[in-house]
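A.B. asks: My structure is in run_0.tsv, and what it holds is TSV, C-alpha atoms:
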chain	number	residue	atom	x	y	z
A	1	MET	CA	94.29	-122.13	-220.49
A	2	GLN	CA	95.76	-120.71	-223.71
A	3	ALA	CA	98.87	-118.58	-224.15
A	4	TYR	CA	99.48	-117.19	-227.64
A	5	LEU	CA	103.20	-116.33	-227.73
A	6	ASP	CA	103.85	-116.16	-231.47
A	7	ASN	CA	103.19	-112.46	-231.97
A	8	ALA	CA	106.25	-111.90	-234.15
A	9	ALA	CA	104.45	-114.10	-236.70
A	10	THR	CA	101.12	-112.30	-236.39
A	11	THR	CA	98.93	-110.63	-233.78
A	12	PRO	CA	95.20	-110.84	-233.07
A	13	VAL	CA	93.22	-107.99	-234.58
A	14	LEU	CA	91.92	-105.48	-232.04
A	15	PRO	CA	88.10	-105.38	-231.78
A	16	GLU	CA	87.98	-101.66	-232.61
A	17	VAL	CA	90.08	-102.26	-235.73
A	18	ALA	CA	87.84	-105.14	-236.83
A	19	ASP	CA	84.73	-103.02	-236.20
A	20	LEU	CA	86.07	-100.20	-238.34
A	21	MET	CA	86.96	-102.56	-241.17
A	22	ARG	CA	83.59	-104.30	-241.12
A	23	ASP	CA	81.75	-100.98	-241.26
A	24	ILE	CA	83.82	-99.91	-244.27
A	25	MET	CA	83.34	-103.20	-246.11
A	26	VAL	CA	79.57	-103.06	-245.59
A	27	ASN	CA	78.86	-99.34	-245.82
A	28	ASN	CA	81.82	-97.60	-247.52
A	29	TYR	CA	82.55	-99.96	-250.36
A	30	GLY	CA	83.33	-97.42	-253.09
A	31	ASN	CA	86.46	-97.51	-255.21
A	32	PRO	CA	88.66	-94.59	-254.13
A	33	SER	CA	89.49	-93.87	-257.78
A	34	SER	CA	85.82	-93.35	-258.68
A	35	LEU	CA	84.60	-89.78	-259.13
A	36	HIS	CA	81.21	-90.18	-257.47
A	37	ARG	CA	80.35	-89.70	-253.81
A	38	LEU	CA	81.10	-93.28	-252.74
A	39	GLY	CA	84.51	-93.04	-254.36
A	40	LEU	CA	85.26	-89.74	-252.67
A	41	GLU	CA	84.25	-91.19	-249.29
A	42	ALA	CA	86.62	-94.12	-249.84
A	43	GLU	CA	89.39	-91.72	-250.81
A	44	LYS	CA	88.88	-89.80	-247.57
A	45	LEU	CA	89.35	-93.04	-245.64
A	46	LEU	CA	92.69	-93.57	-247.40
A	47	ASP	CA	93.70	-90.00	-246.64
A	48	ARG	CA	92.85	-90.45	-242.94
A	49	ALA	CA	94.89	-93.67	-242.72
A	50	ARG	CA	97.82	-92.01	-244.49
A	51	GLU	CA	97.67	-89.13	-242.02
A	52	ARG	CA	97.70	-91.58	-239.11
A	53	LEU	CA	100.79	-93.42	-240.41
A	54	ALA	CA	102.50	-90.12	-241.18
A	55	ALA	CA	101.90	-88.95	-237.61
A	56	VAL	CA	103.50	-92.14	-236.26
A	57	LEU	CA	106.52	-91.74	-238.56
A	58	GLY	CA	106.79	-87.98	-238.24
A	59	CYS	CA	106.64	-87.48	-242.00
A	60	THR	CA	104.23	-85.97	-244.50
A	61	PRO	CA	101.27	-88.04	-245.80
A	62	PRO	CA	102.54	-88.17	-249.42
A	63	GLU	CA	105.63	-89.99	-248.15
A	64	VAL	CA	103.47	-93.00	-247.11
A	65	ILE	CA	102.77	-95.61	-249.80
A	66	PHE	CA	100.36	-98.42	-248.96
A	67	THR	CA	101.21	-101.98	-250.03
A	68	SER	CA	99.90	-105.50	-249.52
A	69	GLY	CA	102.27	-106.06	-246.58
A	70	GLY	CA	105.83	-105.89	-245.35
A	71	THR	CA	107.10	-108.24	-248.06
A	72	GLU	CA	105.83	-106.03	-250.87
A	73	ALA	CA	107.09	-102.92	-249.08
A	74	ASN	CA	110.57	-104.50	-248.87
A	75	ALA	CA	110.47	-105.52	-252.53
A	76	LEU	CA	109.31	-102.07	-253.66
A	77	ALA	CA	112.07	-100.42	-251.64
A	78	ILE	CA	114.89	-102.74	-252.75
A	79	ARG	CA	113.99	-103.49	-256.35
A	80	GLY	CA	112.49	-100.04	-256.86
A	81	ALA	CA	115.68	-98.36	-255.63
A	82	ALA	CA	117.98	-100.71	-257.56
A	83	TRP	CA	116.12	-100.18	-260.82
A	84	ALA	CA	115.84	-96.42	-260.28
A	85	ARG	CA	119.58	-96.02	-259.61
A	86	HIS	CA	121.06	-98.68	-261.87
A	87	ALA	CA	122.89	-96.06	-263.93
A	88	GLU	CA	124.75	-94.91	-260.79
A	89	GLY	CA	125.89	-98.36	-259.71
A	90	ARG	CA	124.86	-101.97	-259.21
A	91	HIS	CA	126.05	-102.69	-255.69
A	92	LEU	CA	123.83	-103.30	-252.64
A	93	ILE	CA	124.67	-104.07	-249.01
A	94	THR	CA	122.59	-106.07	-246.54
A	95	THR	CA	123.20	-108.52	-243.66
A	96	ARG	CA	123.14	-112.29	-243.36
A	97	ILE	CA	120.23	-112.24	-240.89
A	98	GLU	CA	117.59	-110.28	-242.80
A	99	HIS	CA	114.01	-111.43	-243.26
A	100	PRO	CA	113.57	-113.85	-246.22
A	101	SER	CA	111.68	-111.17	-248.17
A	102	VAL	CA	114.86	-109.06	-248.16
A	103	LEU	CA	117.36	-111.88	-248.73
A	104	GLN	CA	115.39	-113.45	-251.58
A	105	THR	CA	114.91	-110.07	-253.27
A	106	CYS	CA	118.66	-109.44	-253.06
A	107	ARG	CA	119.41	-112.87	-254.52
A	108	MET	CA	117.02	-112.20	-257.40
A	109	LEU	CA	118.87	-108.97	-258.13
A	110	GLU	CA	122.18	-110.87	-258.08
A	111	GLN	CA	120.79	-113.08	-260.84
A	112	GLU	CA	119.98	-109.91	-262.79
A	113	GLY	CA	123.51	-108.53	-262.57
A	114	TRP	CA	123.67	-106.63	-259.28
A	115	GLU	CA	126.39	-107.30	-256.71
A	116	VAL	CA	125.34	-107.77	-253.07
A	117	THR	CA	127.58	-107.70	-249.99
A	118	TYR	CA	126.21	-109.66	-247.02
A	119	LEU	CA	127.52	-108.27	-243.73
A	120	ASP	CA	128.42	-110.53	-240.82
A	121	VAL	CA	126.97	-110.18	-237.33
A	122	ASP	CA	128.35	-111.05	-233.91
A	123	ALA	CA	126.91	-113.56	-231.43
A	124	THR	CA	124.21	-111.06	-230.41
A	125	GLY	CA	123.15	-110.49	-234.01
A	126	THR	CA	124.59	-106.98	-234.19
A	127	VAL	CA	125.91	-105.85	-237.55
A	128	ASN	CA	129.64	-105.29	-238.01
A	129	LEU	CA	129.89	-101.52	-238.61
A	130	ALA	CA	133.56	-101.64	-239.57
A	131	GLN	CA	132.75	-104.19	-242.24
A	132	LEU	CA	129.94	-101.94	-243.46
A	133	GLU	CA	132.34	-99.03	-243.88
A	134	ARG	CA	134.81	-101.22	-245.76
A	135	ALA	CA	132.06	-102.56	-248.01
A	136	LEU	CA	130.92	-99.16	-249.25
A	137	ARG	CA	131.86	-98.35	-252.85
A	138	PRO	CA	131.21	-95.46	-255.23
A	139	THR	CA	128.76	-97.85	-256.96
A	140	THR	CA	126.78	-98.70	-253.79
A	141	VAL	CA	123.22	-97.45	-254.33
A	142	LEU	CA	121.35	-99.07	-251.42
A	143	VAL	CA	121.98	-100.41	-247.92
A	144	THR	CA	119.10	-102.48	-246.51
A	145	ILE	CA	119.25	-103.46	-242.83
A	146	HIS	CA	116.36	-104.28	-240.57
A	147	TYR	CA	115.68	-102.40	-237.33
A	148	VAL	CA	114.70	-105.43	-235.22
A	149	ASN	CA	115.58	-109.00	-236.10
A	150	ASN	CA	112.40	-111.06	-236.23
A	151	GLU	CA	113.95	-114.20	-234.73
A	152	VAL	CA	116.24	-113.09	-231.90
A	153	GLY	CA	115.15	-109.47	-231.36
A	154	THR	CA	118.48	-107.75	-232.04
A	155	VAL	CA	118.07	-103.97	-232.37
A	156	GLN	CA	120.42	-102.57	-235.00
A	157	PRO	CA	122.03	-99.10	-234.59
A	158	ILE	CA	120.12	-97.57	-237.49
A	159	SER	CA	120.90	-93.92	-236.78
A	160	THR	CA	124.63	-94.76	-236.56
A	161	ILE	CA	124.41	-96.61	-239.87
A	162	ALA	CA	122.69	-93.60	-241.43
A	163	GLY	CA	125.57	-91.44	-240.20
A	164	ILE	CA	128.12	-93.76	-241.79
A	165	LEU	CA	126.37	-93.43	-245.15
A	166	GLY	CA	126.73	-89.67	-244.94
A	167	THR	CA	124.94	-87.05	-246.95
A	168	GLY	CA	124.87	-85.93	-250.53
A	169	ARG	CA	123.00	-86.83	-253.68
A	170	ARG	CA	125.19	-89.80	-254.62
A	171	ARG	CA	125.28	-91.46	-251.21
A	172	PRO	CA	123.60	-94.89	-250.83
A	173	TRP	CA	119.97	-94.81	-249.79
A	174	LEU	CA	119.18	-96.54	-246.49
A	175	HIS	CA	116.23	-98.92	-246.39
A	176	VAL	CA	115.05	-100.19	-243.01
A	177	ASP	CA	112.67	-103.10	-242.50
A	178	ALA	CA	110.91	-101.85	-239.34
A	179	VAL	CA	108.13	-104.43	-239.36
A	180	GLN	CA	109.08	-105.78	-235.92
A	181	ALA	CA	109.81	-102.34	-234.46
A	182	LEU	CA	106.46	-100.58	-234.92
A	183	GLY	CA	104.66	-100.36	-231.58
A	184	LYS	CA	107.75	-101.47	-229.64
A	185	LEU	CA	110.45	-98.91	-230.51
A	186	PRO	CA	110.38	-95.36	-231.89
A	187	VAL	CA	110.13	-95.30	-235.68
A	188	ALA	CA	110.29	-91.53	-236.24
A	189	VAL	CA	112.14	-90.90	-239.49
A	190	ALA	CA	114.03	-87.96	-238.02
A	191	GLU	CA	115.59	-90.23	-235.39
A	192	LEU	CA	116.35	-93.17	-237.70
A	193	GLY	CA	117.69	-91.17	-240.63
A	194	ALA	CA	116.39	-93.74	-243.12
A	195	ASP	CA	115.27	-93.00	-246.66
A	196	LEU	CA	112.90	-95.96	-246.90
A	197	ILE	CA	111.04	-97.76	-244.08
A	198	SER	CA	108.83	-100.86	-244.39
A	199	LEU	CA	105.90	-101.51	-242.06
A	200	SER	CA	103.20	-104.17	-241.69
A	201	ALA	CA	99.74	-104.03	-240.14
A	202	HIS	CA	99.36	-107.54	-238.78
A	203	LYS	CA	102.31	-107.20	-236.38
A	204	VAL	CA	100.47	-104.42	-234.49
A	205	HIS	CA	96.99	-105.93	-234.12
A	206	GLY	CA	95.89	-104.85	-237.57
A	207	PRO	CA	94.78	-106.92	-240.58
A	208	LYS	CA	96.93	-109.24	-242.66
A	209	GLY	CA	97.57	-108.27	-246.26
A	210	THR	CA	98.25	-104.58	-245.57
A	211	GLY	CA	101.55	-102.75	-245.23
A	212	ALA	CA	103.24	-99.47	-246.00
A	213	LEU	CA	106.50	-98.04	-247.27
A	214	TYR	CA	107.82	-94.68	-246.16
A	215	ALA	CA	109.75	-93.10	-249.03
A	216	ARG	CA	111.51	-89.85	-248.19
A	217	ARG	CA	110.49	-86.88	-250.27
A	218	GLY	CA	112.74	-86.73	-253.32
A	219	ILE	CA	113.21	-90.51	-253.51
A	220	ARG	CA	112.26	-91.80	-256.96
A	221	LEU	CA	111.48	-95.52	-257.09
A	222	ARG	CA	110.60	-97.72	-260.05
A	223	PRO	CA	107.19	-99.34	-259.44
A	224	LEU	CA	106.89	-103.11	-259.33
A	225	LEU	CA	103.50	-103.22	-261.04
A	226	ALA	CA	102.21	-101.53	-264.18
A	227	GLY	CA	98.64	-100.33	-264.33
A	228	GLY	CA	96.78	-97.54	-262.59
A	229	GLU	CA	98.16	-94.46	-260.91
A	230	GLN	CA	97.22	-95.45	-257.37
A	231	GLU	CA	99.61	-94.64	-254.52
A	232	PHE	CA	101.28	-91.79	-256.39
A	233	GLY	CA	101.97	-94.07	-259.34
A	234	LEU	CA	104.10	-96.44	-257.24
A	235	ARG	CA	101.61	-99.21	-256.48
A	236	ALA	CA	99.08	-99.96	-259.21
A	237	GLY	CA	95.83	-101.67	-258.24
A	238	THR	CA	92.66	-100.76	-256.36
A	239	GLU	CA	93.55	-100.05	-252.76
A	240	ASN	CA	92.39	-102.32	-249.93
A	241	VAL	CA	90.42	-99.51	-248.29
A	242	ALA	CA	89.21	-101.47	-245.27
A	243	GLY	CA	92.63	-102.98	-244.60
A	244	ILE	CA	94.40	-99.66	-244.99
A	245	ALA	CA	91.95	-97.90	-242.68
A	246	GLY	CA	92.41	-100.70	-240.15
A	247	PHE	CA	96.18	-100.34	-240.42
A	248	GLY	CA	95.98	-96.61	-239.83
A	249	LEU	CA	93.97	-97.09	-236.65
A	250	ALA	CA	96.10	-100.01	-235.43
A	251	ALA	CA	99.32	-98.04	-235.96
A	252	GLU	CA	97.93	-95.02	-234.14
A	253	LEU	CA	96.85	-97.16	-231.18
A	254	ALA	CA	100.19	-99.00	-231.15
A	255	GLU	CA	102.18	-95.78	-231.06
A	256	ARG	CA	99.90	-94.25	-228.41
A	257	SER	CA	100.40	-97.23	-226.10
A	258	ARG	CA	104.04	-97.90	-227.05
A	259	PRO	CA	105.91	-96.69	-223.94
A	260	ALA	CA	103.67	-98.56	-221.49
A	261	ALA	CA	103.35	-101.57	-223.81
A	262	ALA	CA	107.13	-101.88	-224.26
A	263	GLU	CA	107.67	-101.78	-220.50
A	264	HIS	CA	104.94	-104.39	-219.99
A	265	MET	CA	106.48	-106.72	-222.57
A	266	ARG	CA	109.94	-106.26	-221.05
A	267	ARG	CA	108.60	-107.39	-217.68
A	268	LEU	CA	107.03	-110.48	-219.24
A	269	LYS	CA	110.22	-111.23	-221.17
A	270	ALA	CA	112.38	-110.83	-218.07
A	271	GLU	CA	110.14	-113.20	-216.14
A	272	MET	CA	110.33	-115.83	-218.86
A	273	SER	CA	114.08	-115.61	-219.43
A	274	THR	CA	114.98	-115.52	-215.74
A	275	ARG	CA	112.77	-118.40	-214.71
A	276	LEU	CA	113.38	-120.66	-217.69
A	277	MET	CA	117.16	-120.34	-217.46
A	278	ALA	CA	116.91	-121.12	-213.74
A	279	GLU	CA	114.34	-123.92	-213.95
A	280	VAL	CA	115.16	-125.71	-217.22
A	281	PRO	CA	118.59	-127.37	-217.23
A	282	GLY	CA	120.84	-126.06	-219.97
A	283	CYS	CA	118.38	-123.43	-221.22
A	284	ARG	CA	120.18	-120.51	-222.87
A	285	VAL	CA	119.20	-117.30	-224.66
A	286	ASN	CA	120.17	-116.95	-228.32
A	287	GLY	CA	121.07	-113.48	-229.52
A	288	PRO	CA	121.25	-110.36	-227.35
A	289	PRO	CA	120.86	-110.49	-223.56
A	290	PRO	CA	117.14	-110.25	-222.68
A	291	ASP	CA	117.47	-106.69	-221.37
A	292	GLN	CA	119.19	-105.43	-224.53
A	293	GLY	CA	117.06	-106.69	-227.40
A	294	ALA	CA	113.58	-105.69	-228.52
A	295	PRO	CA	111.01	-105.96	-225.73
A	296	HIS	CA	108.90	-108.68	-227.32
A	297	ILE	CA	111.22	-111.37	-228.76
A	298	LEU	CA	112.99	-114.09	-226.78
A	299	ASN	CA	114.87	-116.93	-228.51
A	300	LEU	CA	115.75	-119.91	-226.32
A	301	ARG	CA	117.95	-122.94	-226.82
A	302	LEU	CA	116.87	-126.18	-225.12
A	303	PRO	CA	119.76	-128.64	-225.53
A	304	GLY	CA	118.75	-132.10	-226.67
A	305	ILE	CA	115.17	-131.12	-227.56
A	306	ARG	CA	114.30	-130.21	-231.11
A	307	GLY	CA	112.45	-126.94	-231.41
A	308	GLU	CA	109.82	-128.42	-233.71
A	309	THR	CA	109.08	-131.15	-231.17
A	310	MET	CA	108.69	-128.59	-228.38
A	311	VAL	CA	106.42	-126.42	-230.55
A	312	HIS	CA	104.02	-129.32	-231.08
A	313	TYR	CA	104.23	-130.40	-227.45
A	314	LEU	CA	103.26	-126.91	-226.31
A	315	GLU	CA	100.55	-126.56	-228.94
A	316	GLU	CA	98.75	-129.57	-227.48
A	317	ARG	CA	98.68	-127.72	-224.16
A	318	GLY	CA	97.46	-124.39	-225.53
A	319	VAL	CA	100.82	-122.62	-225.71
A	320	TYR	CA	101.77	-121.24	-229.12
A	321	VAL	CA	105.42	-120.48	-229.95
A	322	SER	CA	107.55	-121.02	-233.07
A	323	THR	CA	110.99	-122.08	-234.24
A	324	THR	CA	112.08	-119.69	-237.01
A	325	SER	CA	110.42	-116.92	-238.99
A	326	ALA	CA	106.90	-117.88	-240.07
A	327	CYS	CA	107.94	-116.98	-243.65
A	328	ALA	CA	110.73	-119.57	-243.61
A	329	SER	CA	109.82	-122.25	-241.05
A	330	ARG	CA	108.21	-124.80	-243.41
A	331	ARG	CA	110.92	-124.75	-246.09
A	332	HIS	CA	113.95	-124.11	-243.88
A	333	PRO	CA	113.46	-125.61	-240.40
A	334	VAL	CA	117.00	-124.62	-239.33
A	335	SER	CA	117.26	-120.87	-238.87
A	336	HIS	CA	119.73	-118.99	-241.10
A	337	VAL	CA	119.76	-116.30	-238.40
A	338	LEU	CA	120.96	-118.63	-235.66
A	339	LEU	CA	123.59	-120.13	-237.95
A	340	ALA	CA	124.87	-116.63	-238.74
A	341	LEU	CA	125.14	-115.98	-234.98
A	342	GLY	CA	127.57	-118.89	-234.76
A	343	LEU	CA	125.32	-121.67	-233.53
A	344	SER	CA	125.78	-125.18	-234.86
A	345	GLU	CA	122.97	-126.79	-236.86
A	346	GLU	CA	122.14	-128.95	-233.84
A	347	GLU	CA	121.97	-125.94	-231.53
A	348	ALA	CA	119.82	-124.02	-234.00
A	349	ALA	CA	117.48	-126.98	-234.39
A	350	CYS	CA	117.02	-127.08	-230.61
A	351	SER	CA	115.74	-123.50	-230.35
A	352	ILE	CA	112.33	-121.87	-230.05
A	353	ARG	CA	111.14	-118.29	-230.44
A	354	ILE	CA	108.74	-116.74	-227.93
A	355	SER	CA	107.23	-113.43	-229.00
A	356	LEU	CA	104.95	-111.26	-226.90
A	357	SER	CA	102.38	-108.54	-227.43
A	358	ARG	CA	100.87	-105.90	-225.20
A	359	LEU	CA	97.80	-108.15	-224.82
A	360	ASN	CA	99.71	-110.95	-223.08
A	361	THR	CA	99.42	-111.30	-219.30
A	362	MET	CA	101.70	-112.46	-216.52
A	363	GLU	CA	99.27	-115.34	-215.93
A	364	GLU	CA	99.77	-116.55	-219.50
A	365	VAL	CA	103.53	-116.27	-219.12
A	366	ALA	CA	103.46	-118.26	-215.86
A	367	TYR	CA	101.39	-120.97	-217.54
A	368	ALA	CA	103.75	-121.11	-220.51
A	369	ILE	CA	106.80	-121.34	-218.24
A	370	GLY	CA	105.26	-124.31	-216.47
A	371	GLN	CA	104.48	-126.08	-219.73
A	372	ILE	CA	107.95	-125.47	-221.17
A	373	ARG	CA	109.55	-126.72	-217.96
A	374	GLN	CA	107.35	-129.83	-218.02
A	375	GLY	CA	107.99	-130.36	-221.73
A	376	ALA	CA	111.74	-130.12	-221.27
A	377	ALA	CA	111.59	-132.75	-218.54
A	378	GLU	CA	109.34	-135.14	-220.48
A	379	LEU	CA	110.92	-134.73	-223.91
A	380	GLY	CA	114.42	-134.85	-222.48
A	381	ARG	CA	113.76	-138.37	-221.22
A	382	PHE	CA	112.97	-139.54	-224.76
A	383	GLY	CA	115.80	-137.79	-226.53
A	384	GLY	CA	113.71	-134.76	-227.57
A	385	ARG	CA	112.95	-136.11	-231.05
Starting from the file, give its structure as structure tokens.
C.D. replies:
Amino acid sequence: MQAYLDNAATTPVLPEVADLMRDIMVNNYGNPSSLHRLGLEAEKLLDRARERLAAVLGCTPPEVIFTSGGTEANALAIRGAAWARHAEGRHLITTRIEHPSVLQTCRMLEQEGWEVTYLDVDATGTVNLAQLERALRPTTVLVTIHYVNNEVGTVQPISTIAGILGTGRRRPWLHVDAVQALGKLPVAVAELGADLISLSAHKVHGPKGTGALYARRGIRLRPLLAGGEQEFGLRAGTENVAGIAGFGLAAELAERSRPAAAEHMRRLKAEMSTRLMAEVPGCRVNGPPPDQGAPHILNLRLPGIRGETMVHYLEERGVYVSTTSACASRRHPVSHVLLALGLSEEEAACSIRISLSRLNTMEEVAYAIGQIRQGAAELGRFGGR
């Protein structure tokens, strides 16, 4: 049996999404910037995908900018905002547990003369709101905080943060990396109060290499790339029509199934957390309590057993989990997120991340529980190395 439980890294593409993309690649291969019929047909496909994303977000289609993925969407939001507002100030605020695409972009800006404040989090991964208020300056132009942490599943109080930032032309813009929230939590812009929201297709059973950035009407960003006028002049380069169309459909299906899917994933997560903490000696949950975090992410600490060793043990038995973010796991095997939560390096190194999707079943979860329990017993006898 196989149990794929690494859905925070990527998800399998839905058959209907793959079918749509194949049909476009074979039969609707025009460049959407071309003036002839094939180009106009391709442009209509982009328009339809933009309408689908806008419906999910509750915004207007021109506020949706397609990118190559969540990483580019984050970079366009952060660098684009910093460059656009540099005359107003050179101070940004983020947290210590952001995705590497956010943290590395902030560090690059520091090298270019911007100041960045990195907010602390508590043991559940929740941002310190009092520290945020204290960190705000007249020169703060952007606050970037993710909605759902990709390693431990903490859900940040985005609407409260938006309220703290206030209103007015000179207030800091709020950027939210919502890559792990789409399809699991509401992402309506009216509820979040964010100015910029990053999304990614391959976290919701869409294709890799496709993402989107919501930019509130009136926001003026500096583009990252020079060239054509695609994506309202904000993202030069011929659009990935098939990928964008697949993203539009995947996002629509994810939002349509979200309430039932979230409840299903919560049941699977509760089963895993309850049984593993009861059946595996010393097993503990990192981050928020299982019933308080996002429905699909569960981070577990297995004392004395290195997470990397457990990952490979489970892989040999058809169970796929991870240690840290897929974007950081090869270069930085010890999670910066878990260290920020107060874990020691040894504790962080003995942790694994299980992440679910609406396609997972209780049978897969039961199989994975058995293999983790067996792995803990076997590896524990040999020191877990």
A.B. asks: So that I can see what lies close to range 307-322 of chain A, please list as a PDB file with C-alpha atoms, in the frame of the given file the residues with an atom at most 9 Å from it, counting only C-alpha atoms and leaving out residues fewer than 5 positions away in the same chain.
C.D. replies:
ATOM      1  CA  MET A   1      94.290-122.130-220.490  1.00  0.00           C
ATOM      2  CA  GLN A   2      95.760-120.710-223.710  1.00  0.00           C
ATOM      3  CA  ALA A   3      98.870-118.580-224.150  1.00  0.00           C
ATOM      4  CA  TYR A   4      99.480-117.190-227.640  1.00  0.00           C
ATOM      5  CA  LEU A   5     103.200-116.330-227.730  1.00  0.00           C
ATOM      6  CA  ASP A   6     103.850-116.160-231.470  1.00  0.00           C
ATOM      7  CA  ASN A   7     103.190-112.460-231.970  1.00  0.00           C
ATOM      8  CA  ALA A   9     104.450-114.100-236.700  1.00  0.00           C
ATOM      9  CA  ARG A 301     117.950-122.940-226.820  1.00  0.00           C
ATOM     10  CA  LEU A 302     116.870-126.180-225.120  1.00  0.00           C
ATOM     11  CA  SER A 329     109.820-122.250-241.050  1.00  0.00           C
ATOM     12  CA  PRO A 333     113.460-125.610-240.400  1.00  0.00           C
ATOM     13  CA  ALA A 348     119.820-124.020-234.000  1.00  0.00           C
ATOM     14  CA  ALA A 349     117.480-126.980-234.390  1.00  0.00           C
ATOM     15  CA  CYS A 350     117.020-127.080-230.610  1.00  0.00           C
ATOM     16  CA  SER A 351     115.740-123.500-230.350  1.00  0.00           C
ATOM     17  CA  ILE A 352     112.330-121.870-230.050  1.00  0.00           C
ATOM     18  CA  ARG A 353     111.140-118.290-230.440  1.00  0.00           C
ATOM     19  CA  ILE A 354     108.740-116.740-227.930  1.00  0.00           C
ATOM     20  CA  SER A 355     107.230-113.430-229.000  1.00  0.00           C
ATOM     21  CA  GLU A 364      99.770-116.550-219.500  1.00  0.00           C
ATOM     22  CA  TYR A 367     101.390-120.970-217.540  1.00  0.00           C
ATOM     23  CA  ALA A 368     103.750-121.110-220.510  1.00  0.00           C
ATOM     24  CA  GLN A 371     104.480-126.080-219.730  1.00  0.00           C
ATOM     25  CA  ILE A 372     107.950-125.470-221.170  1.00  0.00           C
ATOM     26  CA  GLY A 375     107.990-130.360-221.730  1.00  0.00           C
ATOM     27  CA  ALA A 376     111.740-130.120-221.270  1.00  0.00           C
ATOM     28  CA  LEU A 379     110.920-134.730-223.910  1.00  0.00           C
ATOM     29  CA  GLY A 384     113.710-134.760-227.570  1.00  0.00           C
ATOM     30  CA  ARG A 385     112.950-136.110-231.050  1.00  0.00           C
TER      31      ARG A 385
END
A.B. asks: Between A:Ala42, A:Trp83, A:Leu76, A:Leu249, which is the closest to Tyr214 in chain A once you count all atoms listed in the file?
C.D. replies: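 Under the stated criterion, the closest residue is A:Leu76.
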A.B. asks: Point out the residue among A:Ala77, A:Leu185, A:Ile97, A:Leu199 with the least atom-to-atom distance to Arg235 in chain A, counting all atoms listed in the file.
C.D. replies: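 Closest to Arg235 in chain A of all the choices is A:Ala77.
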A.B. asks: Please return the centre and edge lengths, in Å to one decimal, of a box with edges along x, y and z that contains all listed atoms of range 355-371 of chain A, widened by 6 Å on every side, as lines of an AutoDock Vina configuration file.
C.D. replies:
center_x = 102.5
center_y = -116.0
center_z = -222.4
size_x = 21.4
size_y = 32.2
size_z = 25.1
A.B. asks: Using only C-alpha atoms, which residues sit within 12 Å of Arg134 in chain A once same-chain residues fewer than 3 positions away are excluded, as a list of chain:residue names?
C.D. replies: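 With the cut-off at 12 Å, the set is A:Ile93, A:Thr117, A:Leu119, A:Asn128, A:Leu129, A:Ala130, A:Gln131, A:Arg137, A:Pro138, A:Thr140, A:Ile164, A:Leu165.
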A.B. asks: Keeping only C-alpha atoms, write the selected residues to a file as an mmCIF file, in the coordinates of the input.
C.D. replies:
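Final file, selection_0.cif:
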data_model
loop_
_atom_site.group_PDB
_atom_site.id
_atom_site.type_symbol
_atom_site.label_atom_id
_atom_site.label_comp_id
_atom_site.auth_asym_id
_atom_site.auth_seq_id
_atom_site.Cartn_x
_atom_site.Cartn_y
_atom_site.Cartn_z
ATOM 1 C CA ILE A 93 124.670 -104.070 -249.010
ATOM 2 C CA THR A 117 127.580 -107.700 -249.990
ATOM 3 C CA LEU A 119 127.520 -108.270 -243.730
ATOM 4 C CA ASN A 128 129.640 -105.290 -238.010
ATOM 5 C CA LEU A 129 129.890 -101.520 -238.610
ATOM 6 C CA ALA A 130 133.560 -101.640 -239.570
ATOM 7 C CA GLN A 131 132.750 -104.190 -242.240
ATOM 8 C CA ARG A 137 131.860 -98.350 -252.850
ATOM 9 C CA PRO A 138 131.210 -95.460 -255.230
ATOM 10 C CA THR A 140 126.780 -98.700 -253.790
ATOM 11 C CA ILE A 164 128.120 -93.760 -241.790
ATOM 12 C CA LEU A 165 126.370 -93.430 -245.150
#
A.B. asks: By how many Å are CA of Glu229 in chain A and CA of Met21 in chain A apart?
C.D. replies: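 Interatomic distance, CA of Glu229 in chain A to CA of Met21 in chain A: 24.1 Å.
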A.B. asks: Considering all atoms listed in the file, state which residue in the set A:Leu343, A:Val152, A:Leu142, A:Ala84 is at the smallest distance from Gly293 in chain A.
C.D. replies: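 Looking only at the distances to Gly293 in chain A, the closest residue turns out to be A:Val152.
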A.B. asks: Tell me which protein, DNA and RNA residues are within 6 Å of range 55-70 of chain A, counting all atoms listed in the file, leaving out same-chain ones fewer than 2 positions away, and put them as a PyMOL selection string.
C.D. replies: chain A and resi 50-53+72-73+187-189+198-200+209-216+231
A.B. asks: Need the neighbours of (89.8, -105.5, -230.5): which residues are at most 12 Å away, counting all atoms listed in the file, as a list in words?
C.D. replies: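 The distance filter leaves exactly Thr11, Pro12, Val13, Leu14, Pro15, Glu16, Val17, Ala18, Asp19, Leu20, Met21, Val204, His205, Gly206, Pro207, Gly246, Leu249, Ala250, Leu253 and Leu359 of chain A.
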A.B. asks: By how many Å are CA of Leu136 in chain A and CA of Gly89 in chain A apart?
C.D. replies: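 Computing the Euclidean distance for CA of Leu136 in chain A and CA of Gly89 in chain A yields 11.6 Å.
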A.B. asks: Of the residues A:Arg171, A:Glu255, A:Ala162, A:Val155, which is the one nearest to Ala190 in chain A, using all atoms listed in the file?
C.D. replies: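 Selected residue with least distance to Ala190 in chain A: A:Ala162.
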A.B. asks: So that I can see what lies close to Glu98 in chain A, please list as a list of chain:residue names the residues with an atom at most 9 Å from it, counting all atoms listed in the file and leaving out residues fewer than 3 positions away in the same chain.
C.D. replies: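 In the requested format, the answer is A:Thr94, A:Thr95, A:Ser101, A:Val102, A:Leu103, A:Thr144, A:Ile145, A:His146, A:Asn149, A:Asn150, A:Asp177, A:Val337.
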A.B. asks: Would you work out the distance separating CA of Gly237 in chain A from CA of Leu92 in chain A, expressed in Å to one decimal?
C.D. replies: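 CA of Leu92 in chain A lies 28.6 Å from CA of Gly237 in chain A.
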A.B. asks: Give me the residues within 9 Å of Asp291 in chain A as number ranges by chain, counting only C-alpha atoms and dropping any in the same chain fewer than 5 places off.
C.D. replies: A: 266, 269-270
A.B. asks: Store the residues picked out above, limited to C-alpha atoms, as a compact mmCIF listing (two decimals), in the coordinates of the input.
C.D. replies:
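Final output, saved to result-v2.txt:
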# COMPACT_ATOMS: atom_id res chain seq x y z
CA ARG A 266 109.94 -106.26 -221.05
CA LYS A 269 110.22 -111.23 -221.17
CA ALA A 270 112.38 -110.83 -218.07
